[in-house]
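target05.cif (mmCIF, C-alpha atoms and all ligand atoms)
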data_entry
loop_
_atom_site.label_atom_id
_atom_site.label_comp_id
_atom_site.auth_asym_id
_atom_site.auth_seq_id
_atom_site.Cartn_x
_atom_site.Cartn_y
_atom_site.Cartn_z
CA MET A 8 0.00 0.00 0.00
CA ASN A 9 1.40 3.43 -0.87
CA TYR A 10 0.93 6.72 1.01
CA LYS A 11 -1.97 7.87 -1.17
CA GLU A 12 -3.88 4.59 -0.72
CA ALA A 13 -3.26 4.64 3.03
CA LEU A 14 -4.51 8.21 3.31
CA GLU A 15 -7.63 7.27 1.37
CA LYS A 16 -8.34 4.23 3.58
CA LEU A 17 -7.89 6.30 6.75
CA SER A 18 -9.76 9.40 5.58
CA VAL A 19 -12.93 7.42 4.94
CA CYS A 20 -13.06 6.71 8.70
CA GLY A 21 -11.67 10.03 9.95
CA GLN A 22 -8.36 8.40 11.01
CA GLN A 23 -5.89 10.36 8.85
CA HIS A 24 -4.07 11.62 12.01
CA ILE A 25 -2.17 8.30 11.88
CA LEU A 26 -0.07 9.77 9.07
CA GLU A 27 0.56 13.06 10.89
CA TYR A 28 4.27 12.35 11.47
CA TYR A 29 4.85 10.49 8.19
CA ASP A 30 7.35 13.03 6.84
CA GLU A 31 9.53 12.68 9.98
CA LEU A 32 9.93 8.91 9.51
CA SER A 33 12.81 6.94 7.97
CA ASP A 34 12.07 4.90 4.83
CA ASP A 35 11.84 1.68 6.87
CA GLU A 36 9.48 3.25 9.38
CA LYS A 37 7.31 4.60 6.56
CA GLU A 38 7.06 1.13 5.05
CA CYS A 39 6.14 -0.46 8.40
CA LEU A 40 3.46 2.14 9.09
CA LEU A 41 1.91 1.72 5.64
CA SER A 42 1.85 -2.02 6.05
CA GLN A 43 0.17 -1.61 9.45
CA VAL A 44 -2.48 0.63 7.86
CA GLU A 45 -3.04 -1.93 5.12
CA ASN A 46 -3.79 -4.59 7.74
CA LEU A 47 -6.11 -2.47 9.90
CA ASP A 48 -9.59 -3.91 10.22
CA MET A 49 -11.60 -0.70 10.20
CA SER A 50 -14.86 -2.58 10.77
CA LEU A 51 -13.95 -2.63 14.50
CA LEU A 52 -14.69 1.10 14.73
CA LYS A 53 -18.42 0.45 14.48
CA TYR A 54 -18.30 -1.40 17.82
CA PHE A 55 -16.84 1.69 19.47
CA ASN A 56 -19.47 3.96 17.93
CA GLU A 57 -22.22 1.63 19.09
CA ARG A 58 -20.76 0.97 22.56
CA ASN A 59 -23.53 2.78 24.41
CA VAL A 60 -26.32 0.99 22.59
CA SER A 61 -26.88 -1.89 24.95
CA GLY A 62 -26.90 -5.17 23.04
CA LYS A 63 -30.21 -6.94 23.40
CA ARG A 64 -29.87 -10.02 25.59
CA GLY A 65 -32.42 -12.81 25.62
CA ASP A 66 -34.51 -14.29 28.42
CA PHE A 67 -32.35 -15.58 31.26
CA LYS A 68 -33.08 -18.60 33.39
CA PRO A 69 -30.97 -20.21 36.11
CA LEU A 70 -28.95 -23.30 35.21
CA GLY A 71 -28.21 -25.91 37.86
CA ALA A 72 -24.82 -27.57 38.21
CA VAL A 73 -23.41 -30.97 39.00
CA SER A 74 -22.77 -30.09 42.62
CA ILE A 75 -19.64 -30.85 44.64
CA LYS A 76 -21.71 -33.45 46.51
CA GLU A 77 -22.77 -35.23 43.32
CA VAL A 78 -19.23 -35.11 41.98
CA SER A 79 -17.92 -36.77 45.13
CA GLU A 80 -20.64 -39.46 44.99
CA ARG A 81 -19.89 -40.25 41.32
CA TYR A 82 -16.17 -39.49 41.46
CA ASP A 83 -14.92 -42.91 40.36
CA GLU A 84 -17.32 -43.06 37.43
CA PHE A 85 -16.45 -39.53 36.27
CA SER A 86 -12.70 -39.74 36.72
CA GLY A 87 -12.62 -43.23 35.14
CA ALA A 88 -14.38 -41.91 32.01
CA GLY A 89 -12.07 -38.88 31.90
CA LEU A 90 -8.89 -40.93 32.33
CA ASP A 91 -10.01 -43.27 29.54
CA ALA A 92 -10.48 -40.30 27.20
CA ILE A 93 -7.03 -38.95 28.11
CA LYS A 94 -5.35 -42.36 27.73
CA ASN A 95 -6.96 -42.71 24.30
CA GLY A 96 -5.50 -39.36 23.21
CA LYS A 97 -8.90 -37.69 22.93
CA VAL A 98 -8.10 -34.69 25.13
CA ALA A 99 -5.91 -31.63 24.58
CA ALA A 100 -5.47 -28.50 26.66
CA VAL A 101 -5.17 -24.87 25.59
CA LEU A 102 -3.47 -22.37 27.86
CA LEU A 103 -4.59 -18.81 27.19
CA ALA A 104 -1.44 -16.80 27.78
CA GLY A 105 -1.77 -13.99 25.27
CA GLY A 106 -3.06 -11.40 27.75
CA GLN A 107 -1.05 -8.42 28.90
CA GLY A 108 -1.75 -8.64 32.61
CA THR A 109 -2.11 -4.87 32.83
CA ARG A 110 -3.60 -4.97 36.32
CA LEU A 111 -0.73 -7.01 37.74
CA GLY A 112 1.71 -4.49 36.29
CA PHE A 113 4.40 -7.12 35.62
CA GLU A 114 6.63 -6.30 32.64
CA HIS A 115 6.84 -9.89 31.34
CA PRO A 116 4.32 -12.59 30.40
CA LYS A 117 2.16 -13.20 33.49
CA GLY A 118 3.14 -16.87 33.61
CA MET A 119 6.74 -15.82 34.29
CA PHE A 120 5.72 -14.21 37.57
CA ASN A 121 7.48 -15.80 40.53
CA ILE A 122 4.82 -16.47 43.16
CA GLY A 123 7.26 -18.31 45.45
CA ILE A 124 8.47 -16.92 48.76
CA ASP A 125 11.20 -19.27 50.02
CA LYS A 126 11.81 -20.78 46.60
CA ASN A 127 11.19 -19.93 42.98
CA LEU A 128 7.74 -20.98 41.87
CA TYR A 129 6.59 -19.46 38.60
CA ILE A 130 2.95 -19.28 37.56
CA PHE A 131 3.75 -21.36 34.46
CA GLU A 132 5.44 -23.88 36.76
CA CYS A 133 2.30 -24.21 38.92
CA LEU A 134 0.29 -24.98 35.78
CA MET A 135 2.84 -27.43 34.39
CA ASN A 136 2.97 -29.23 37.76
CA ASN A 137 -0.80 -29.59 37.58
CA ILE A 138 -0.88 -31.00 34.04
CA LYS A 139 2.04 -33.30 34.90
CA SER A 140 0.13 -34.83 37.80
CA VAL A 141 -2.79 -35.74 35.49
CA SER A 142 -0.51 -37.08 32.81
CA GLU A 143 1.24 -39.29 35.38
CA LYS A 144 -2.12 -40.63 36.54
CA ALA A 145 -3.26 -41.29 32.97
CA GLU A 146 0.17 -42.57 31.91
CA ALA A 147 -0.19 -40.44 28.79
CA PHE A 148 0.92 -36.97 27.81
CA ILE A 149 -1.81 -34.44 27.15
CA PRO A 150 -1.03 -32.22 24.13
CA LEU A 151 -0.78 -28.66 25.42
CA TYR A 152 -1.27 -25.71 23.06
CA ILE A 153 -0.14 -22.38 24.45
CA MET A 154 -1.62 -19.20 23.01
CA THR A 155 0.71 -16.22 23.15
CA SER A 156 0.60 -12.84 21.47
CA GLU A 157 3.09 -11.13 19.16
CA THR A 158 4.18 -9.15 22.21
CA ASN A 159 5.07 -12.06 24.47
CA ASN A 160 5.59 -15.06 22.19
CA SER A 161 9.39 -15.25 22.06
CA GLU A 162 9.81 -14.43 25.76
CA THR A 163 7.34 -17.17 26.67
CA ILE A 164 9.02 -19.79 24.47
CA ASP A 165 12.48 -18.83 25.79
CA PHE A 166 11.20 -19.17 29.36
CA PHE A 167 9.84 -22.67 28.73
CA GLU A 168 13.08 -23.66 27.00
CA LYS A 169 15.19 -22.26 29.83
CA HIS A 170 13.18 -24.22 32.40
CA ASN A 171 13.12 -27.39 30.33
CA TYR A 172 9.32 -27.25 30.06
CA PHE A 173 9.18 -27.74 33.83
CA GLY A 174 9.68 -31.47 33.36
CA TYR A 175 6.85 -31.94 30.85
CA ASN A 176 7.49 -33.65 27.51
CA LYS A 177 8.35 -30.80 25.16
CA ASP A 178 7.08 -32.76 22.14
CA TYR A 179 3.58 -32.30 23.51
CA VAL A 180 3.82 -28.52 23.85
CA THR A 181 2.98 -26.25 20.90
CA PHE A 182 2.86 -22.46 20.87
CA PHE A 183 0.61 -20.41 18.61
CA VAL A 184 0.11 -16.69 18.31
CA GLN A 185 -3.18 -14.81 18.54
CA ASP A 186 -4.25 -11.76 16.54
CA MET A 187 -3.79 -8.14 17.53
CA ALA A 188 -6.18 -5.19 17.29
CA PHE A 189 -5.83 -1.42 17.45
CA ALA A 190 -7.15 0.73 20.30
CA VAL A 191 -8.87 4.14 20.31
CA ASP A 192 -9.11 7.18 22.58
CA ASP A 193 -12.31 8.76 23.98
CA ALA A 194 -12.98 10.37 20.63
CA GLY A 195 -12.64 7.09 18.75
CA LYS A 196 -9.26 8.04 17.24
CA ILE A 197 -6.80 5.17 16.68
CA ILE A 198 -3.85 5.39 19.09
CA LEU A 199 -0.19 5.51 18.07
CA GLU A 200 2.50 3.79 20.10
CA GLU A 201 5.28 5.68 18.31
CA LYS A 202 5.20 8.24 15.55
CA GLY A 203 5.62 5.50 12.97
CA LYS A 204 3.78 2.71 14.77
CA ILE A 205 0.12 2.09 15.51
CA PHE A 206 -0.54 0.79 19.03
CA LEU A 207 -1.68 -2.83 18.74
CA SER A 208 -2.59 -5.24 21.53
CA PRO A 209 -3.93 -8.80 21.82
CA ASN A 210 -7.57 -8.92 20.67
CA GLY A 211 -8.99 -10.90 23.60
CA ASN A 212 -9.11 -14.61 24.36
CA GLY A 213 -12.18 -15.34 22.18
CA GLY A 214 -10.18 -15.91 19.00
CA TRP A 215 -8.19 -18.84 20.38
CA PHE A 216 -9.76 -21.50 18.17
CA SER A 217 -9.58 -19.50 14.96
CA SER A 218 -5.94 -18.68 15.83
CA ILE A 219 -5.28 -22.41 16.24
CA ALA A 220 -6.78 -22.94 12.80
CA LYS A 221 -4.82 -20.01 11.32
CA ALA A 222 -1.62 -21.49 12.74
CA GLY A 223 -2.35 -24.67 10.75
CA LEU A 224 -2.82 -26.81 13.88
CA LEU A 225 -6.36 -27.96 13.23
CA LYS A 226 -5.30 -30.76 10.91
CA GLU A 227 -2.89 -32.05 13.54
CA ILE A 228 -5.61 -31.90 16.20
CA LYS A 229 -8.02 -33.85 14.01
CA ASP A 230 -5.38 -36.32 12.81
CA LYS A 231 -4.50 -37.07 16.41
CA GLY A 232 -8.18 -37.79 17.12
CA ILE A 233 -8.51 -35.07 19.75
CA GLU A 234 -12.21 -34.80 20.54
CA TRP A 235 -12.15 -32.54 23.60
CA ILE A 236 -10.27 -29.33 24.27
CA ASN A 237 -9.88 -27.96 27.80
CA VAL A 238 -9.32 -24.19 27.69
CA PHE A 239 -8.06 -22.35 30.74
CA ALA A 240 -6.55 -19.07 31.93
CA VAL A 241 -2.90 -18.55 32.79
CA ASP A 242 -3.56 -16.68 35.99
CA ASN A 243 -5.21 -19.24 38.26
CA VAL A 244 -2.37 -20.96 40.09
CA LEU A 245 -4.68 -23.71 41.40
CA GLN A 246 -6.04 -24.39 37.93
CA LYS A 247 -6.76 -28.08 37.38
CA ILE A 248 -5.89 -28.88 33.80
CA ALA A 249 -7.52 -31.74 31.90
CA ASP A 250 -9.18 -32.70 35.19
CA PRO A 251 -10.32 -36.31 34.57
CA ALA A 252 -13.44 -35.99 36.74
CA PHE A 253 -14.55 -32.83 34.93
CA ILE A 254 -13.93 -34.36 31.50
CA GLY A 255 -15.67 -37.59 32.52
CA ALA A 256 -18.68 -35.73 33.94
CA VAL A 257 -19.14 -33.82 30.67
CA ILE A 258 -18.81 -37.03 28.64
CA CYS A 259 -21.28 -38.90 30.89
CA SER A 260 -23.74 -35.98 30.72
CA GLU A 261 -23.66 -36.03 26.89
CA CYS A 262 -23.42 -32.24 26.94
CA GLU A 263 -21.33 -30.74 24.16
CA SER A 264 -19.39 -28.44 26.48
CA GLY A 265 -18.65 -27.91 30.14
CA GLY A 266 -17.68 -25.07 32.41
CA LYS A 267 -16.15 -25.20 35.86
CA VAL A 268 -18.02 -22.99 38.32
CA VAL A 269 -17.81 -21.95 41.96
CA SER A 270 -20.68 -20.94 44.23
CA LYS A 271 -20.76 -17.17 44.59
CA VAL A 272 -19.71 -15.91 48.02
CA SER A 273 -22.37 -13.19 47.99
CA PRO A 274 -25.22 -12.19 45.65
CA ASP A 275 -23.26 -9.21 44.33
CA GLU A 276 -19.89 -10.91 43.78
CA LYS A 277 -18.40 -9.52 40.57
CA VAL A 278 -18.29 -12.70 38.52
CA GLY A 279 -19.96 -13.94 35.32
CA VAL A 280 -22.67 -16.51 35.97
CA LEU A 281 -23.35 -19.61 33.89
CA CYS A 282 -27.07 -19.74 33.15
CA LEU A 283 -29.53 -20.20 30.29
CA GLU A 284 -30.37 -17.48 27.79
CA ASP A 285 -33.23 -18.25 25.43
CA GLU A 286 -32.89 -21.89 26.50
CA ARG A 287 -29.20 -22.07 25.47
CA PRO A 288 -26.24 -22.04 27.85
CA SER A 289 -24.82 -18.58 28.35
CA ILE A 290 -22.74 -16.46 30.67
CA VAL A 291 -24.28 -13.32 32.05
CA GLU A 292 -21.80 -10.73 33.34
CA TYR A 293 -22.42 -9.38 36.85
CA TYR A 294 -23.07 -5.87 35.50
CA GLU A 295 -25.72 -7.21 33.12
CA MET A 296 -27.77 -8.81 35.90
CA THR A 297 -30.90 -7.07 37.18
CA ASP A 298 -31.44 -6.74 40.95
CA GLU A 299 -34.17 -9.34 40.63
CA MET A 300 -31.68 -11.82 39.11
CA ILE A 301 -28.95 -11.00 41.64
CA ASN A 302 -31.18 -11.62 44.65
CA ARG A 303 -33.46 -14.35 43.34
CA ARG A 304 -33.45 -17.49 45.48
CA GLU A 305 -34.62 -21.09 45.10
CA ALA A 306 -37.03 -22.79 47.54
CA ASP A 307 -34.06 -24.06 49.60
CA GLY A 308 -32.75 -20.50 50.04
CA SER A 309 -29.79 -20.82 47.66
CA LEU A 310 -29.15 -18.13 45.05
CA SER A 311 -30.78 -18.98 41.71
CA TYR A 312 -27.93 -17.38 39.73
CA ARG A 313 -25.32 -18.91 41.91
CA TYR A 314 -22.58 -20.42 39.80
CA GLY A 315 -19.72 -18.15 38.80
CA VAL A 316 -17.31 -19.15 36.01
CA ILE A 317 -13.56 -19.48 36.59
CA LEU A 318 -12.33 -19.61 32.96
CA ASN A 319 -11.95 -23.33 32.68
CA TYR A 320 -14.06 -24.78 29.88
CA LEU A 321 -14.29 -28.01 27.92
CA PHE A 322 -15.31 -27.92 24.27
CA ARG A 323 -15.83 -30.53 21.58
CA THR A 324 -13.50 -30.09 18.62
CA ASP A 325 -16.19 -30.86 16.02
CA ARG A 326 -18.54 -28.28 17.51
CA LEU A 327 -15.78 -25.66 17.59
CA GLU A 328 -15.12 -26.24 13.92
CA LYS A 329 -18.78 -25.63 13.12
CA ILE A 330 -18.91 -22.32 14.98
CA MET A 331 -15.41 -21.17 14.03
CA ASN A 332 -16.64 -18.58 11.54
CA ASN A 333 -19.55 -17.33 13.65
CA GLU A 334 -19.29 -13.64 14.34
CA MET A 335 -18.37 -13.11 17.99
CA PRO A 336 -19.51 -10.16 20.09
CA VAL A 337 -16.76 -7.54 20.36
CA HIS A 338 -16.30 -6.06 23.84
CA ILE A 339 -14.91 -2.57 24.36
CA VAL A 340 -12.49 -2.74 27.28
CA LYS A 341 -10.84 0.23 29.00
CA LYS A 342 -7.17 -0.34 29.84
CA LYS A 343 -4.17 1.80 30.77
CA VAL A 344 -1.34 1.54 28.23
CA ASN A 345 1.87 3.27 27.17
CA CYS A 346 1.25 5.20 23.95
CA LEU A 347 1.44 8.71 22.45
CA ASP A 348 -0.89 11.54 23.37
CA GLY A 349 -2.50 13.82 20.77
CA ASN A 350 0.69 15.90 20.60
CA GLY A 351 3.00 12.97 19.93
CA ASN A 352 4.36 12.75 23.50
CA PRO A 353 4.75 9.41 25.36
CA VAL A 354 2.06 8.94 27.99
CA ASN A 355 0.48 6.20 30.11
CA ARG A 356 -3.27 6.53 29.75
CA GLU A 357 -6.60 4.78 29.46
CA VAL A 358 -7.62 3.69 25.98
CA PHE A 359 -10.39 1.52 24.61
CA LYS A 360 -9.39 -1.92 23.33
CA PHE A 361 -11.45 -4.35 21.25
CA GLU A 362 -11.70 -7.90 22.59
CA THR A 363 -13.64 -11.05 21.88
CA LEU A 364 -14.07 -13.40 24.83
CA VAL A 365 -14.03 -17.17 25.16
CA LEU A 366 -17.07 -17.01 27.45
CA ASP A 367 -19.19 -15.95 24.46
CA MET A 368 -18.46 -19.33 22.88
CA ILE A 369 -20.61 -20.96 25.53
CA HIS A 370 -23.76 -19.43 24.05
CA MET A 371 -22.84 -21.02 20.71
CA GLN A 372 -23.10 -24.49 22.28
CA GLU A 373 -26.30 -26.52 22.35
CA SER A 374 -25.61 -27.58 25.91
CA CYS A 375 -23.10 -26.98 28.68
CA LEU A 376 -22.53 -28.92 31.87
CA SER A 377 -22.05 -26.59 34.79
CA TYR A 378 -19.58 -28.40 37.05
CA GLU A 379 -19.14 -27.11 40.59
CA VAL A 380 -15.70 -27.14 42.22
CA GLU A 381 -14.35 -26.16 45.63
CA ARG A 382 -13.32 -22.54 45.32
CA ASN A 383 -10.45 -22.80 47.81
CA HIS A 384 -9.03 -25.84 46.04
CA GLU A 385 -9.28 -24.70 42.44
CA PHE A 386 -9.50 -20.96 42.21
CA ALA A 387 -6.56 -18.74 43.10
CA PRO A 388 -6.50 -15.98 40.48
CA VAL A 389 -3.58 -13.57 40.21
CA LYS A 390 -5.18 -10.50 38.66
CA ASN A 391 -3.99 -7.59 40.80
CA ALA A 392 -0.75 -6.60 42.47
CA GLU A 393 -2.56 -6.33 45.81
CA GLY A 394 -5.99 -6.75 47.42
CA VAL A 395 -8.62 -9.01 45.90
CA ASP A 396 -7.39 -11.76 43.54
CA SER A 397 -3.81 -10.71 44.12
CA VAL A 398 -0.40 -12.27 44.56
CA ASP A 399 -1.01 -12.36 48.34
CA SER A 400 -4.41 -14.04 48.17
CA ALA A 401 -3.08 -16.61 45.67
CA ARG A 402 -0.05 -17.34 47.91
CA LYS A 403 -2.36 -17.96 50.89
CA LEU A 404 -4.41 -20.40 48.83
CA LEU A 405 -1.32 -22.23 47.57
CA ILE A 406 -0.15 -22.70 51.17
CA GLU A 407 -3.66 -23.75 52.25
CA ASN A 408 -3.46 -26.47 49.58
CA GLY A 409 -0.17 -27.77 50.89
CA ILE A 410 1.95 -26.40 48.04
CA GLU A 411 5.44 -25.31 49.08
CA ILE A 412 6.14 -21.78 47.96
P1 LIG B 1 -7.79 -11.20 31.46
O1 LIG B 1 -9.15 -10.86 31.00
O2 LIG B 1 -7.58 -11.25 32.92
O3 LIG B 1 -6.77 -10.19 30.77
O4 LIG B 1 -7.37 -12.57 30.80
P2 LIG B 1 -5.22 -9.98 30.97
O5 LIG B 1 -4.76 -9.28 29.73
O6 LIG B 1 -4.49 -11.24 31.31
O7 LIG B 1 -5.07 -9.05 32.25
P3 LIG B 1 -5.48 -7.51 32.45
O8 LIG B 1 -6.98 -7.46 32.31
O9 LIG B 1 -4.77 -6.72 31.38
O10 LIG B 1 -5.01 -7.19 33.82
C1 LIG B 1 -7.94 -13.81 31.13
C2 LIG B 1 -7.15 -14.88 30.43
O11 LIG B 1 -7.21 -14.72 29.02
C3 LIG B 1 -5.91 -14.57 28.48
C4 LIG B 1 -5.04 -14.10 29.62
O12 LIG B 1 -3.68 -14.40 29.36
C5 LIG B 1 -5.65 -14.87 30.77
O13 LIG B 1 -5.20 -16.20 30.78
N1 LIG B 1 -5.95 -13.59 27.38
C6 LIG B 1 -6.51 -12.37 27.57
C7 LIG B 1 -5.41 -13.95 26.17
O14 LIG B 1 -4.89 -15.07 26.00
N2 LIG B 1 -5.47 -13.03 25.16
C8 LIG B 1 -6.01 -11.81 25.31
O15 LIG B 1 -6.01 -11.03 24.34
C9 LIG B 1 -6.54 -11.46 26.56
#
Mind turning the file's structure into structure tokens?
Ligand code: UTP
Amino acid sequence: MNYKEALEKLSVCGQQHILEYYDELSDDEKECLLSQVENLDMSLLKYFNERNVSGKRGDFKPLGAVSIKEVSERYDEFSGAGLDAIKNGKVAAVLLAGGQGTRLGFEHPKGMFNIGIDKNLYIFECLMNNIKSVSEKAEAFIPLYIMTSETNNSETIDFFEKHNYFGYNKDYVTFFVQDMAFAVDDAGKIILEEKGKIFLSPNGNGGWFSSIAKAGLLKEIKDKGIEWINVFAVDNVLQKIADPAFIGAVICSECESGGKVVSKVSPDEKVGVLCLEDERPSIVEYYEMTDEMINRREADGSLSYRYGVILNYLFRTDRLEKIMNNEMPVHIVKKKVNCLDGNGNPVNREVFKFETLVLDMIHMQESCLSYEVERNHEFAPVKNAEGVDSVDSARKLLIENGIEI
């Protein structure tokens, strides 16, 4: 794309400010900027312009879960079915590690954070220890696909190499890179990171399956006969990966997906709730719930919308393939980033990013098994530097679970 074509593309959407410093750039910088402009997906701008028009949601209904009690009663049956699936090579895991961990404020991929106190214990290490324990039980390696972003891909791979994949079989670990998207300011103007560079950041965790396909890994997944994919977040240090009982429960239920949930600690806990929307499984965000939904109770006194998601889902590969090209909702997310202000000076400020979310894939499933787990045994998120869901709270939970840190 040449300068004139770039200017034309940008002018149509009122974004010609991107070329404001063009004359100050070196030839290489000019070429990079023009190529960035060529690849911009301007259709994202409509989501920003429509951000205040609340998307119409359907009719919500509560969805029950396989409770902790039922899981413990049927544990052998569930974990037996799950272990069989793992042994037969039908299960893979996908670690979502493309995020930027802005709230934690750590300069490297979040998984590289050392959560240990008396010894080194990296977040990635906690996760690899967890997958290793299942693979030992199943006597089979579980293929692990790790989603990174252009920003953190090489650092993540180097870290795994340096730590010898934390004792896991490296042949079963594959990295793939997710897509990036631009961000805008309050006025909807695309942000620059440098005078010759548009600010780009990972476009949310919702594109993980299409990124797998784009990376050419789908054929391998199908050739290997992988029927189930367990997707999980990097930042829960108690995350159970390819949990045989969870996988077995979903298989036995004949549902086409599953989601791990925890009982909410209070009606207004800020967590997305797995429920039904227009008779299909769906996740309603806490800020989308009416007071009536938040406080509604069942005859036994328990909250009707009680089960919060913890970003650990199980999907069927064939179903994912069918929905791969479905349009996903685009969420506008406010985050603080390093970029240029309107006068071309470096600044750290809030911008609006465009993200698709894996939780929206649940509504594309015919059915989803809500599977309750013990919060204190399986949910220790590291989101913030301090306070709620922080390094401190996660450390306490690791210790409570007998893990040396
Ligand atoms: P979060 O929504 O917590 O985002 O990600 P984040 O980027 O890690 O952290 P903040 O909000 O900037 O503080 C939930 C999970 O989804 C992954 C993250 O790595 C984490 O495992 N994720 C998020 C991606 O893989 N890609 C993305 O673009 C965003």
Around ligand LIG 1 (chain B), at most 6 Å away and counting only C-alpha atoms and all ligand atoms, which residues are there? Put them as a short mmCIF file (atom, residue, chain, number, x, y, z; two decimals) with C-alpha atoms, in the coordinates of the input, please.
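Saved to selection-v2.cif:
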data_model
loop_
_atom_site.label_atom_id
_atom_site.label_comp_id
_atom_site.auth_asym_id
_atom_site.auth_seq_id
_atom_site.Cartn_x
_atom_site.Cartn_y
_atom_site.Cartn_z
CA LEU A 103 -4.59 -18.81 27.19
CA ALA A 104 -1.44 -16.80 27.78
CA GLY A 105 -1.77 -13.99 25.27
CA GLY A 106 -3.06 -11.40 27.75
CA GLN A 107 -1.05 -8.42 28.90
CA GLY A 108 -1.75 -8.64 32.61
CA THR A 109 -2.11 -4.87 32.83
CA ARG A 110 -3.60 -4.97 36.32
CA LEU A 111 -0.73 -7.01 37.74
CA PRO A 209 -3.93 -8.80 21.82
CA ASN A 210 -7.57 -8.92 20.67
CA GLY A 211 -8.99 -10.90 23.60
CA ASN A 212 -9.11 -14.61 24.36
CA ALA A 240 -6.55 -19.07 31.93
CA VAL A 241 -2.90 -18.55 32.79
CA ASP A 242 -3.56 -16.68 35.99
CA LYS A 390 -5.18 -10.50 38.66
#
Between A:Leu128, A:Leu318, A:Ala256, A:Val184, single out the one closest to Val78 in chain A, counting only C-alpha atoms.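 Ranking A:Leu128, A:Leu318, A:Ala256, A:Val184 by distance to Val78 in chain A, first place goes to A:Ala256.
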So the first atom is CA of Val380 in chain A and the second is CA of Glu284 in chain A; what is the distance between them in Å, to one decimal place? 22.7 Å
Excluding range 273-276 of chain A and any residue of its chain fewer than 5 positions from it, enumerate the residues within 12 Å of it, using all atoms listed in the file, and give them as a PyMOL selection string. chain A and resi 292-304+309-316+395
Using all atoms listed in the file, which of the listed residues (A:Gly96, A:Pro69, A:Gly118, A:Gly203) sits closest to Asn243 in chain A? A:Gly118
If we count all atoms listed in the file and set the cut-off at 12 Å, which residues sit around Asp48 in chain A, ignoring sequence neighbours fewer than 4 positions away in its own chain? Please answer as a list in words.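 Contacts, in chain order: Lys16, Leu17, Cys20, Gln43, Val44, Leu52, Lys53, Tyr54, Asp186, Met187, Ala188, Phe189, Ala190, Ile197, Leu207, Asn210 and Phe361 of chain A.
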Can I get a file of range 57-100 of chain A from the given structure, C-alpha atoms kept, as a PDB file, in the first residue's frame?
ATOM      1  CA  GLU A  57     -22.224   1.626  19.093  1.00  0.00           C
ATOM      2  CA  ARG A  58     -20.759   0.974  22.557  1.00  0.00           C
ATOM      3  CA  ASN A  59     -23.527   2.776  24.415  1.00  0.00           C
ATOM      4  CA  VAL A  60     -26.317   0.993  22.587  1.00  0.00           C
ATOM      5  CA  SER A  61     -26.879  -1.888  24.947  1.00  0.00           C
ATOM      6  CA  GLY A  62     -26.904  -5.172  23.039  1.00  0.00           C
ATOM      7  CA  LYS A  63     -30.212  -6.940  23.398  1.00  0.00           C
ATOM      8  CA  ARG A  64     -29.866 -10.017  25.592  1.00  0.00           C
ATOM      9  CA  GLY A  65     -32.416 -12.806  25.622  1.00  0.00           C
ATOM     10  CA  ASP A  66     -34.505 -14.291  28.423  1.00  0.00           C
ATOM     11  CA  PHE A  67     -32.348 -15.579  31.257  1.00  0.00           C
ATOM     12  CA  LYS A  68     -33.084 -18.602  33.386  1.00  0.00           C
ATOM     13  CA  PRO A  69     -30.967 -20.214  36.114  1.00  0.00           C
ATOM     14  CA  LEU A  70     -28.948 -23.295  35.214  1.00  0.00           C
ATOM     15  CA  GLY A  71     -28.207 -25.908  37.862  1.00  0.00           C
ATOM     16  CA  ALA A  72     -24.823 -27.573  38.214  1.00  0.00           C
ATOM     17  CA  VAL A  73     -23.407 -30.975  38.998  1.00  0.00           C
ATOM     18  CA  SER A  74     -22.771 -30.094  42.617  1.00  0.00           C
ATOM     19  CA  ILE A  75     -19.643 -30.854  44.640  1.00  0.00           C
ATOM     20  CA  LYS A  76     -21.712 -33.450  46.513  1.00  0.00           C
ATOM     21  CA  GLU A  77     -22.771 -35.227  43.323  1.00  0.00           C
ATOM     22  CA  VAL A  78     -19.227 -35.107  41.979  1.00  0.00           C
ATOM     23  CA  SER A  79     -17.916 -36.771  45.135  1.00  0.00           C
ATOM     24  CA  GLU A  80     -20.638 -39.459  44.991  1.00  0.00           C
ATOM     25  CA  ARG A  81     -19.891 -40.251  41.316  1.00  0.00           C
ATOM     26  CA  TYR A  82     -16.169 -39.485  41.465  1.00  0.00           C
ATOM     27  CA  ASP A  83     -14.924 -42.914  40.361  1.00  0.00           C
ATOM     28  CA  GLU A  84     -17.322 -43.064  37.427  1.00  0.00           C
ATOM     29  CA  PHE A  85     -16.447 -39.531  36.268  1.00  0.00           C
ATOM     30  CA  SER A  86     -12.699 -39.741  36.717  1.00  0.00           C
ATOM     31  CA  GLY A  87     -12.625 -43.228  35.135  1.00  0.00           C
ATOM     32  CA  ALA A  88     -14.378 -41.914  32.010  1.00  0.00           C
ATOM     33  CA  GLY A  89     -12.066 -38.876  31.902  1.00  0.00           C
ATOM     34  CA  LEU A  90      -8.894 -40.929  32.329  1.00  0.00           C
ATOM     35  CA  ASP A  91     -10.014 -43.274  29.537  1.00  0.00           C
ATOM     36  CA  ALA A  92     -10.476 -40.297  27.203  1.00  0.00           C
ATOM     37  CA  ILE A  93      -7.028 -38.952  28.112  1.00  0.00           C
ATOM     38  CA  LYS A  94      -5.348 -42.358  27.731  1.00  0.00           C
ATOM     39  CA  ASN A  95      -6.955 -42.713  24.301  1.00  0.00           C
ATOM     40  CA  GLY A  96      -5.504 -39.363  23.210  1.00  0.00           C
ATOM     41  CA  LYS A  97      -8.899 -37.690  22.929  1.00  0.00           C
ATOM     42  CA  VAL A  98      -8.103 -34.693  25.134  1.00  0.00           C
ATOM     43  CA  ALA A  99      -5.912 -31.632  24.582  1.00  0.00           C
ATOM     44  CA  ALA A 100      -5.470 -28.500  26.659  1.00  0.00           C
TER      45      ALA A 100
END
